[in-house]
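Novice: What follows is the file upload-v1.txt, containing compact mmCIF, C-alpha atoms and all ligand atoms:
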```txt
# COMPACT_ATOMS: atom_id res chain seq x y z
CA MET A 1325 -6.29 -14.81 19.66
CA GLY A 1326 -3.45 -13.07 17.87
CA LEU A 1327 -2.72 -12.46 14.23
CA LYS A 1328 -2.23 -15.50 12.04
CA VAL A 1329 0.44 -15.70 9.39
CA TYR A 1330 0.54 -18.16 6.50
CA ILE A 1331 3.92 -19.86 6.27
CA ASP A 1332 5.04 -23.03 4.55
CA GLY A 1333 1.46 -24.05 3.79
CA GLU A 1334 0.09 -23.50 7.29
CA LEU A 1335 -1.53 -20.74 9.31
CA LYS A 1336 0.49 -20.03 12.44
CA GLU A 1337 0.30 -17.52 15.27
CA LYS A 1338 2.40 -14.45 14.42
CA GLU A 1339 4.92 -15.32 17.18
CA ASP A 1340 5.35 -18.84 15.80
CA ALA A 1341 5.71 -17.87 12.15
CA ARG A 1342 9.47 -18.21 11.73
CA ILE A 1343 12.03 -19.05 9.10
CA SER A 1344 15.48 -20.57 9.46
CA VAL A 1345 18.56 -18.37 9.91
CA TYR A 1346 19.98 -20.40 6.99
CA ASP A 1347 17.24 -19.17 4.64
CA HIS A 1348 18.88 -17.22 1.83
CA GLY A 1349 16.05 -14.71 2.00
CA LEU A 1350 17.71 -13.59 5.22
CA LEU A 1351 21.35 -14.37 4.43
CA TYR A 1352 21.44 -12.71 1.00
CA GLY A 1353 18.11 -10.98 0.41
CA ASP A 1354 17.52 -13.82 -2.06
CA GLY A 1355 13.79 -13.74 -2.62
CA ILE A 1356 10.93 -11.62 -3.84
CA PHE A 1357 7.81 -9.96 -2.45
CA GLU A 1358 4.53 -8.19 -3.16
CA GLY A 1359 2.42 -5.68 -1.31
CA ILE A 1360 -1.31 -5.91 -1.97
CA ARG A 1361 -4.43 -4.31 -0.47
CA ALA A 1362 -7.82 -5.62 0.39
CA TYR A 1363 -10.65 -3.11 0.46
CA ASN A 1364 -14.14 -4.04 1.65
CA GLY A 1365 -13.24 -7.72 1.59
CA LYS A 1366 -11.98 -7.64 -2.01
CA VAL A 1367 -8.33 -8.06 -2.92
CA PHE A 1368 -7.52 -5.06 -5.14
CA ARG A 1369 -5.90 -5.96 -8.49
CA CYS A 1370 -5.09 -9.43 -7.13
CA LYS A 1371 -4.26 -10.96 -10.51
CA ALA A 1372 -1.87 -8.15 -11.45
CA HIS A 1373 0.01 -8.54 -8.16
CA ILE A 1374 0.21 -12.32 -8.40
CA ASP A 1375 1.39 -12.08 -12.02
CA ARG A 1376 4.08 -9.57 -11.00
CA LEU A 1377 5.19 -11.85 -8.14
CA PHE A 1378 5.58 -14.78 -10.52
CA ASP A 1379 7.45 -12.57 -13.01
CA SER A 1380 9.80 -11.40 -10.23
CA ALA A 1381 10.37 -15.05 -9.29
CA LYS A 1382 11.10 -15.99 -12.89
CA GLY A 1383 13.46 -13.02 -13.11
CA ILE A 1384 15.61 -14.45 -10.31
CA ALA A 1385 15.18 -18.09 -11.46
CA LEU A 1386 13.14 -18.97 -8.39
CA ASN A 1387 10.46 -21.56 -8.76
CA ILE A 1388 7.40 -20.75 -6.63
CA PRO A 1389 6.27 -24.20 -5.51
CA ILE A 1390 2.53 -23.50 -5.81
CA GLU A 1391 0.21 -22.42 -8.63
CA LYS A 1392 -1.14 -18.88 -8.95
CA GLU A 1393 -4.68 -20.07 -8.08
CA GLU A 1394 -3.44 -21.76 -4.89
CA LEU A 1395 -1.65 -18.60 -3.86
CA GLN A 1396 -4.80 -16.56 -4.40
CA GLU A 1397 -6.72 -19.08 -2.27
CA ALA A 1398 -4.07 -18.88 0.46
CA ILE A 1399 -4.36 -15.07 0.51
CA LEU A 1400 -8.15 -15.28 0.94
CA GLN A 1401 -7.75 -17.97 3.59
CA THR A 1402 -5.29 -15.79 5.56
CA LEU A 1403 -7.57 -12.75 5.38
CA LYS A 1404 -10.47 -14.88 6.57
CA ALA A 1405 -8.50 -16.40 9.44
CA ASN A 1406 -7.74 -12.89 10.66
CA ASN A 1407 -11.26 -11.64 10.04
CA LEU A 1408 -9.95 -8.79 7.91
CA SER A 1409 -11.82 -7.03 5.14
CA ASP A 1410 -9.50 -4.00 4.85
CA ALA A 1411 -5.87 -4.98 5.02
CA TYR A 1412 -2.37 -4.65 3.70
CA ILE A 1413 -1.16 -8.02 2.44
CA ARG A 1414 2.54 -8.86 2.22
CA ILE A 1415 3.60 -11.91 0.23
CA VAL A 1416 7.22 -13.01 0.60
CA VAL A 1417 8.87 -15.90 -1.23
CA THR A 1418 12.37 -16.78 -0.10
CA ARG A 1419 14.96 -18.97 -1.84
CA GLY A 1420 14.77 -21.36 1.12
CA CYS A 1421 17.38 -22.96 3.37
CA GLY A 1422 20.87 -23.42 2.03
CA THR A 1423 24.47 -23.43 3.13
CA LEU A 1424 26.52 -20.37 4.11
CA GLY A 1425 27.68 -20.11 0.49
CA LEU A 1426 25.73 -18.09 -2.10
CA ASP A 1427 24.79 -20.99 -4.32
CA PRO A 1428 21.00 -21.13 -4.73
CA ALA A 1429 21.33 -24.64 -6.18
CA LYS A 1430 22.06 -25.78 -2.63
CA CYS A 1431 18.85 -24.23 -1.30
CA SER A 1432 15.64 -26.12 -0.79
CA ASN A 1433 12.13 -25.51 0.39
CA PRO A 1434 11.40 -21.90 -0.64
CA GLN A 1435 9.21 -20.32 2.01
CA ILE A 1436 5.94 -18.68 1.05
CA ILE A 1437 4.84 -16.19 3.68
CA ILE A 1438 1.56 -14.26 3.71
CA ILE A 1439 1.13 -11.53 6.29
CA THR A 1440 -2.18 -9.68 6.50
CA ASP A 1441 -2.07 -6.59 8.67
CA SER A 1442 -2.54 -2.83 8.45
CA ILE A 1443 -0.07 -0.24 7.20
CA THR A 1444 0.10 3.53 7.55
CA LEU A 1445 2.91 5.08 5.58
CA TYR A 1446 2.14 8.74 6.12
CA PRO A 1447 -0.02 10.67 8.59
CA LYS A 1448 -3.41 12.01 7.44
CA GLU A 1449 -2.19 15.65 7.38
CA MET A 1450 0.32 14.77 4.68
CA TYR A 1451 -2.50 13.57 2.40
CA GLU A 1452 -4.30 16.87 3.01
CA ASN A 1453 -1.33 19.26 2.87
CA GLY A 1454 1.11 17.35 0.67
CA LEU A 1455 4.59 15.95 1.18
CA GLU A 1456 7.97 17.55 0.98
CA VAL A 1457 10.52 15.36 -0.82
CA ILE A 1458 14.09 15.66 -2.08
CA THR A 1459 16.15 14.07 -4.84
CA VAL A 1460 18.95 12.00 -3.31
CA PRO A 1461 22.42 10.75 -4.38
CA THR A 1462 21.66 7.01 -4.23
CA THR A 1463 20.36 5.92 -7.62
CA ARG A 1464 17.87 3.21 -8.49
CA THR A 1465 19.43 -0.12 -9.58
CA SER A 1466 20.30 0.00 -13.25
CA HIS A 1467 19.03 -2.55 -15.75
CA SER A 1468 22.62 -3.71 -16.24
CA ALA A 1469 22.90 -4.63 -12.53
CA LEU A 1470 19.50 -6.02 -11.60
CA SER A 1471 16.24 -5.15 -13.29
CA PRO A 1472 14.32 -2.64 -11.16
CA LYS A 1473 11.21 -4.48 -12.38
CA ILE A 1474 12.07 -7.33 -10.01
CA LYS A 1475 10.49 -6.73 -6.61
CA SER A 1476 13.32 -8.45 -4.78
CA LEU A 1477 14.06 -8.75 -1.08
CA ASN A 1478 17.08 -6.55 -1.70
CA TYR A 1479 15.91 -2.98 -1.18
CA LEU A 1480 19.17 -1.52 0.08
CA ASN A 1481 19.47 1.25 -2.55
CA ASN A 1482 15.98 2.36 -1.68
CA ILE A 1483 16.71 2.13 2.04
CA MET A 1484 19.84 4.28 1.57
CA ALA A 1485 17.70 6.80 -0.31
CA LYS A 1486 15.18 6.80 2.55
CA ILE A 1487 18.01 7.43 5.04
CA GLU A 1488 19.30 10.31 2.89
CA ALA A 1489 15.81 11.84 2.87
CA ARG A 1490 15.41 11.39 6.63
CA GLN A 1491 18.81 12.95 7.27
CA ALA A 1492 17.71 15.97 5.27
CA GLY A 1493 14.58 16.24 7.40
CA VAL A 1494 11.99 14.98 4.89
CA VAL A 1495 10.13 11.68 4.79
CA GLU A 1496 10.59 10.58 1.20
CA ALA A 1497 13.21 10.58 -1.54
CA ILE A 1498 13.07 10.85 -5.32
CA MET A 1499 15.61 8.46 -6.84
CA LEU A 1500 17.20 9.17 -10.22
CA ASN A 1501 18.49 6.50 -12.58
CA SER A 1502 22.17 6.14 -13.47
CA ALA A 1503 21.69 8.58 -16.39
CA GLY A 1504 20.38 11.24 -14.01
CA ALA A 1505 16.72 11.08 -15.10
CA VAL A 1506 13.91 10.80 -12.57
CA ALA A 1507 12.99 7.19 -11.77
CA GLU A 1508 10.69 6.91 -8.77
CA CYS A 1509 10.53 7.19 -4.99
CA THR A 1510 11.72 4.54 -2.52
CA GLY A 1511 8.47 2.59 -2.65
CA ASP A 1512 6.23 4.72 -4.86
CA ASN A 1513 5.97 5.90 -8.47
CA ILE A 1514 5.98 9.59 -9.30
CA PHE A 1515 3.70 11.71 -11.47
CA ILE A 1516 3.66 15.36 -12.41
CA VAL A 1517 0.98 17.49 -14.04
CA LYS A 1518 2.17 20.10 -16.56
CA ASP A 1519 -0.22 22.25 -18.57
CA GLY A 1520 -3.04 19.80 -17.90
CA THR A 1521 -1.08 16.67 -18.98
CA LEU A 1522 -0.30 13.90 -16.54
CA ILE A 1523 3.30 12.75 -17.02
CA THR A 1524 5.20 9.85 -15.45
CA PRO A 1525 8.59 8.28 -16.27
CA PRO A 1526 8.37 5.36 -18.74
CA PRO A 1527 8.93 1.69 -17.74
CA ASP A 1528 12.52 1.74 -19.04
CA SER A 1529 13.52 4.66 -16.83
CA GLY A 1530 14.47 2.35 -13.97
CA ILE A 1531 11.15 1.93 -12.20
CA LEU A 1532 9.08 -0.81 -10.72
CA GLU A 1533 5.96 -0.68 -12.88
CA GLY A 1534 3.50 0.09 -10.15
CA ILE A 1535 0.03 -1.39 -10.22
CA THR A 1536 -1.32 1.77 -8.58
CA ARG A 1537 0.52 3.76 -11.30
CA LYS A 1538 -1.42 1.84 -13.95
CA VAL A 1539 -4.74 2.31 -12.13
CA VAL A 1540 -4.13 6.07 -11.84
CA MET A 1541 -3.26 6.32 -15.55
CA GLU A 1542 -6.51 4.52 -16.38
CA LEU A 1543 -8.49 6.77 -14.04
CA ALA A 1544 -6.93 9.85 -15.67
CA GLU A 1545 -8.08 8.59 -19.06
CA CYS A 1546 -11.60 8.10 -17.68
CA ALA A 1547 -11.46 11.73 -16.51
CA SER A 1548 -10.27 12.84 -20.00
CA VAL A 1549 -6.90 13.93 -18.64
CA LYS A 1550 -4.12 13.50 -21.22
CA VAL A 1551 -1.53 10.95 -20.01
CA LYS A 1552 2.07 10.67 -21.20
CA GLU A 1553 4.97 8.40 -20.24
CA GLN A 1554 8.01 10.59 -20.73
CA GLN A 1555 11.52 10.90 -19.34
CA LEU A 1556 11.67 13.56 -16.64
CA THR A 1557 14.61 15.53 -15.28
CA ARG A 1558 14.82 17.45 -12.03
CA PHE A 1559 14.11 20.59 -14.07
CA ASP A 1560 10.78 19.10 -15.18
CA LEU A 1561 9.89 18.44 -11.55
CA TYR A 1562 10.72 21.99 -10.50
CA ILE A 1563 8.53 23.57 -13.18
CA ALA A 1564 5.64 21.12 -12.70
CA ASP A 1565 2.20 22.49 -11.82
CA GLU A 1566 1.45 19.49 -9.60
CA CYS A 1567 3.17 16.37 -8.33
CA PHE A 1568 2.03 13.21 -6.53
CA LEU A 1569 3.18 9.71 -5.67
CA THR A 1570 1.39 6.39 -6.06
CA GLY A 1571 1.82 3.00 -4.41
CA THR A 1572 -0.16 0.17 -2.89
CA ALA A 1573 0.66 1.25 0.66
CA ALA A 1574 0.72 5.05 0.13
CA GLU A 1575 -2.17 5.02 -2.41
CA VAL A 1576 -2.16 8.56 -3.93
CA ILE A 1577 -0.33 11.28 -2.00
CA PRO A 1578 0.28 14.88 -3.12
CA VAL A 1579 3.79 16.40 -3.18
CA VAL A 1580 4.10 20.16 -2.64
CA LYS A 1581 7.85 20.73 -2.28
CA ILE A 1582 10.82 19.17 -4.06
CA ASP A 1583 14.43 20.06 -3.14
CA SER A 1584 13.08 23.00 -1.10
CA ARG A 1585 11.28 24.40 -4.18
CA GLN A 1586 7.56 24.92 -4.02
CA ILE A 1587 5.55 22.98 -6.61
CA GLY A 1588 2.71 24.92 -8.23
CA ASP A 1589 1.08 27.12 -5.62
CA GLY A 1590 2.35 24.97 -2.74
CA ALA A 1591 -0.95 23.16 -2.15
CA PRO A 1592 -2.17 19.81 -3.55
CA GLY A 1593 -3.30 20.48 -7.14
CA GLN A 1594 -6.76 20.11 -8.66
CA THR A 1595 -5.88 17.17 -10.92
CA THR A 1596 -4.12 15.42 -8.03
CA LEU A 1597 -7.15 15.86 -5.76
CA LYS A 1598 -9.50 14.67 -8.49
CA LEU A 1599 -7.42 11.52 -9.09
CA LEU A 1600 -7.11 10.91 -5.35
CA GLU A 1601 -10.89 11.06 -5.03
CA MET A 1602 -11.36 8.77 -8.05
CA PHE A 1603 -8.83 6.33 -6.61
CA ARG A 1604 -10.79 6.16 -3.34
CA GLU A 1605 -13.97 5.57 -5.32
CA GLU A 1606 -12.28 2.85 -7.39
CA THR A 1607 -10.97 1.02 -4.32
CA HIS A 1608 -13.84 1.46 -1.89
CA HIS A 1609 -17.04 1.84 -3.87
CA ASN A 1610 -17.78 1.37 -7.51
CA SER A 1611 -15.28 0.58 -10.14
CA ILE A 1612 -14.87 3.52 -12.54
CA ILE A 1613 -12.49 1.61 -14.81
CA LYS A 1614 -14.43 -0.82 -16.96
N1 LIG B 1701 8.26 1.49 -6.75
C1 LIG B 1701 8.81 0.67 -5.84
C2 LIG B 1701 10.29 0.63 -5.73
C3 LIG B 1701 7.99 -0.10 -5.01
O1 LIG B 1701 8.53 -0.92 -4.11
C4 LIG B 1701 6.59 0.01 -5.15
C5 LIG B 1701 5.68 -0.84 -4.30
N2 LIG B 1701 5.82 -0.58 -2.95
C6 LIG B 1701 6.06 0.89 -6.10
C7 LIG B 1701 6.93 1.60 -6.90
C8 LIG B 1701 4.59 1.04 -6.28
O2 LIG B 1701 4.05 -0.11 -6.85
P1 LIG B 1701 2.55 -0.58 -6.57
O3 LIG B 1701 1.68 0.54 -6.98
O4 LIG B 1701 2.38 -1.77 -7.43
O5 LIG B 1701 2.46 -0.86 -5.13
```
Please render this file's structure as structure tokens.

Specialist:
Amino acid sequence: MGLKVYIDGELKEKEDARISVYDHGLLYGDGIFEGIRAYNGKVFRCKAHIDRLFDSAKGIALNIPIEKEELQEAILQTLKANNLSDAYIRIVVTRGCGTLGLDPAKCSNPQIIIITDSITLYPKEMYENGLEVITVPTTRTSHSALSPKIKSLNYLNNIMAKIEARQAGVVEAIMLNSAGAVAECTGDNIFIVKDGTLITPPPDSGILEGITRKVVMELAECASVKVKEQQLTRFDLYIADECFLTGTAAEVIPVVKIDSRQIGDGAPGQTTLKLLEMFREETHHNSIIK
């Protein structure tokens, strides 16, 4: 038996889980999504992810046709059907089928899709030795265009940034905002450590407010590490003692080189390693955050 996918209220075999070519999720990237993890049979920060999904939907005036509780049930049901206790969960909500014109008012039947599978963003060595990243020309969407807080099905800026990184021979890109300040990576938030303080760009710097970002900030507080949300420039990155990225799929991953410049002593830093260990504890064993 193959993998089952939840679609339009039913569990279907992966091969049979399809949407129409007239769905505006496909035609225009008109829809929203979430990436969530389950660890040891528990959905990590489920409420926060579901709340963010509903906020994204509201942001694009899309009405999700089920209640939050039903969605949570559907996630658990999909995990169970696939016998998964550790998984990456992808929720997608599309605008639904419409005409070949843009008008969402002509769309009906938004599709709710739940995929439960595994995901490996980076090889194990990169977690041990750290990533090399670069800043790229493509900027994050500005608030005046489309709020970067909306996790929409339109990730083209971020995909362009990923291509720019790949073309330069590295696996990840740091995206700036339209004012030239550091925003985030293509699917991860960024942190630096400077003189013992953990610093990350503030919510209004053009970022998706990561749920992993919040967990890591809370863990840092538990470890008595000073945490600051502060605008960062490329200069701040270059003089940082440590750097790491956070995201649901990537979890916590050290960065050791930015724009060909070595960060700190070129190895994952002590604070980074401590937070990485605490994050693993938080997700897999006992909750540190009360
Ligand atoms: N930024 C962007 C652009 C993202 O798509 C994501 C999620 N993949 C993140 C940051 C990290 O957010 P979270 O920790 O909630 O997964």

Novice: Which residues sit within 6 Å of ligand LIG 1701 (chain B), counting all atoms listed in the file, listed as a list in words?

Specialist: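 Residues lying within 6 Å of ligand LIG 1701 (chain B): Thr1510, Gly1511, Asp1512, Asn1513, Leu1532, Gly1534, Ile1535, Thr1536, Arg1537, Thr1570, Gly1571 and Thr1572 of chain A.
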
Novice: Pick from A:Lys1392, A:Arg1490, A:Lys1328, A:Lys1614: nearest to Ile1374 (chain A), with all atoms listed in the file counted?

Specialist: A:Lys1392

Novice: Mind checking which residues fall within 12 Å of Pro1578 (chain A), counting only C-alpha atoms, ignoring those fewer than 4 positions away in the same chain, and posting them as a PyMOL selection string?

Specialist: chain A and resi 1446+1448-1457+1496+1512-1517+1565-1570+1574+1582+1587-1588+1590-1601

Novice: Emit the selected residues as an mmCIF file, in the coordinates of the input, including C-alpha atoms.

Specialist:
```
data_model
loop_
_atom_site.group_PDB
_atom_site.id
_atom_site.type_symbol
_atom_site.label_atom_id
_atom_site.label_comp_id
_atom_site.auth_asym_id
_atom_site.auth_seq_id
_atom_site.Cartn_x
_atom_site.Cartn_y
_atom_site.Cartn_z
ATOM 1 C CA TYR A 1446 2.140 8.740 6.120
ATOM 2 C CA LYS A 1448 -3.410 12.010 7.440
ATOM 3 C CA GLU A 1449 -2.190 15.650 7.380
ATOM 4 C CA MET A 1450 0.320 14.770 4.680
ATOM 5 C CA TYR A 1451 -2.500 13.570 2.400
ATOM 6 C CA GLU A 1452 -4.300 16.870 3.010
ATOM 7 C CA ASN A 1453 -1.330 19.260 2.870
ATOM 8 C CA GLY A 1454 1.110 17.350 0.670
ATOM 9 C CA LEU A 1455 4.590 15.950 1.180
ATOM 10 C CA GLU A 1456 7.970 17.550 0.980
ATOM 11 C CA VAL A 1457 10.520 15.360 -0.820
ATOM 12 C CA GLU A 1496 10.590 10.580 1.200
ATOM 13 C CA ASP A 1512 6.230 4.720 -4.860
ATOM 14 C CA ASN A 1513 5.970 5.900 -8.470
ATOM 15 C CA ILE A 1514 5.980 9.590 -9.300
ATOM 16 C CA PHE A 1515 3.700 11.710 -11.470
ATOM 17 C CA ILE A 1516 3.660 15.360 -12.410
ATOM 18 C CA VAL A 1517 0.980 17.490 -14.040
ATOM 19 C CA ASP A 1565 2.200 22.490 -11.820
ATOM 20 C CA GLU A 1566 1.450 19.490 -9.600
ATOM 21 C CA CYS A 1567 3.170 16.370 -8.330
ATOM 22 C CA PHE A 1568 2.030 13.210 -6.530
ATOM 23 C CA LEU A 1569 3.180 9.710 -5.670
ATOM 24 C CA THR A 1570 1.390 6.390 -6.060
ATOM 25 C CA ALA A 1574 0.720 5.050 0.130
ATOM 26 C CA ILE A 1582 10.820 19.170 -4.060
ATOM 27 C CA ILE A 1587 5.550 22.980 -6.610
ATOM 28 C CA GLY A 1588 2.710 24.920 -8.230
ATOM 29 C CA GLY A 1590 2.350 24.970 -2.740
ATOM 30 C CA ALA A 1591 -0.950 23.160 -2.150
ATOM 31 C CA PRO A 1592 -2.170 19.810 -3.550
ATOM 32 C CA GLY A 1593 -3.300 20.480 -7.140
ATOM 33 C CA GLN A 1594 -6.760 20.110 -8.660
ATOM 34 C CA THR A 1595 -5.880 17.170 -10.920
ATOM 35 C CA THR A 1596 -4.120 15.420 -8.030
ATOM 36 C CA LEU A 1597 -7.150 15.860 -5.760
ATOM 37 C CA LYS A 1598 -9.500 14.670 -8.490
ATOM 38 C CA LEU A 1599 -7.420 11.520 -9.090
ATOM 39 C CA LEU A 1600 -7.110 10.910 -5.350
ATOM 40 C CA GLU A 1601 -10.890 11.060 -5.030
#
```

Novice: Name the closest residue to Val1576 (chain A) among the candidates A:Leu1350, A:Ile1563, A:Leu1403, A:Val1540; distances are taken between atoms, counting all atoms listed in the file.

Specialist: A:Val1540

Novice: Work out how far CA of Lys1486 (chain A) is from CA of Thr1465 (chain A), in Å to one decimal.

Specialist: 14.6 Å

Novice: Go through A:Ile1343, A:Ile1360, A:Leu1477, A:Ile1439 and flag the residue nearest Gly1420 (chain A), using all atoms listed in the file for the distances.

Specialist: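 Nearest to Gly1420 (chain A): A:Ile1343.
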
Novice: Of the candidates A:Cys1370, A:Cys1421, A:Ala1485, A:Ala1411, which one gets nearest to Tyr1346 (chain A) if we count all atoms listed in the file?

Specialist: A:Cys1421

Novice: With distances taken over all atoms listed in the file, which of A:Ile1384, A:Leu1351, A:Ile1443, A:Ile1612 is nearest to Glu1545 (chain A)?

Specialist: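 Nearest candidate to Glu1545 (chain A) out of A:Ile1384, A:Leu1351, A:Ile1443, A:Ile1612: A:Ile1612.
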
Novice: Report as a tab-separated table the residues of region 1450-1535 of chain A within 8 Å of region 1356-1359 of chain A, each with its shortest atom pair and distance in Å (one decimal), using only C-alpha atoms, ordered by chain and increasing residue number.

Specialist:
```
residue	atom	partner	partner_atom	distance
A:Ile1474	CA	A:Ile1356	CA	7.6
A:Lys1475	CA	A:Ile1356	CA	5.6
A:Ser1476	CA	A:Ile1356	CA	4.1
A:Leu1477	CA	A:Ile1356	CA	5.1
```

Novice: For Phe1378 (chain A), work out the shell of residues within 9 Å, counting only C-alpha atoms and skipping chain neighbours fewer than 4 positions away, then give it as a list in words.

Specialist: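 Selected residues are His1373, Ile1374, Lys1382, Gly1383, Leu1386, Asn1387, Ile1388 and Lys1392 of chain A.
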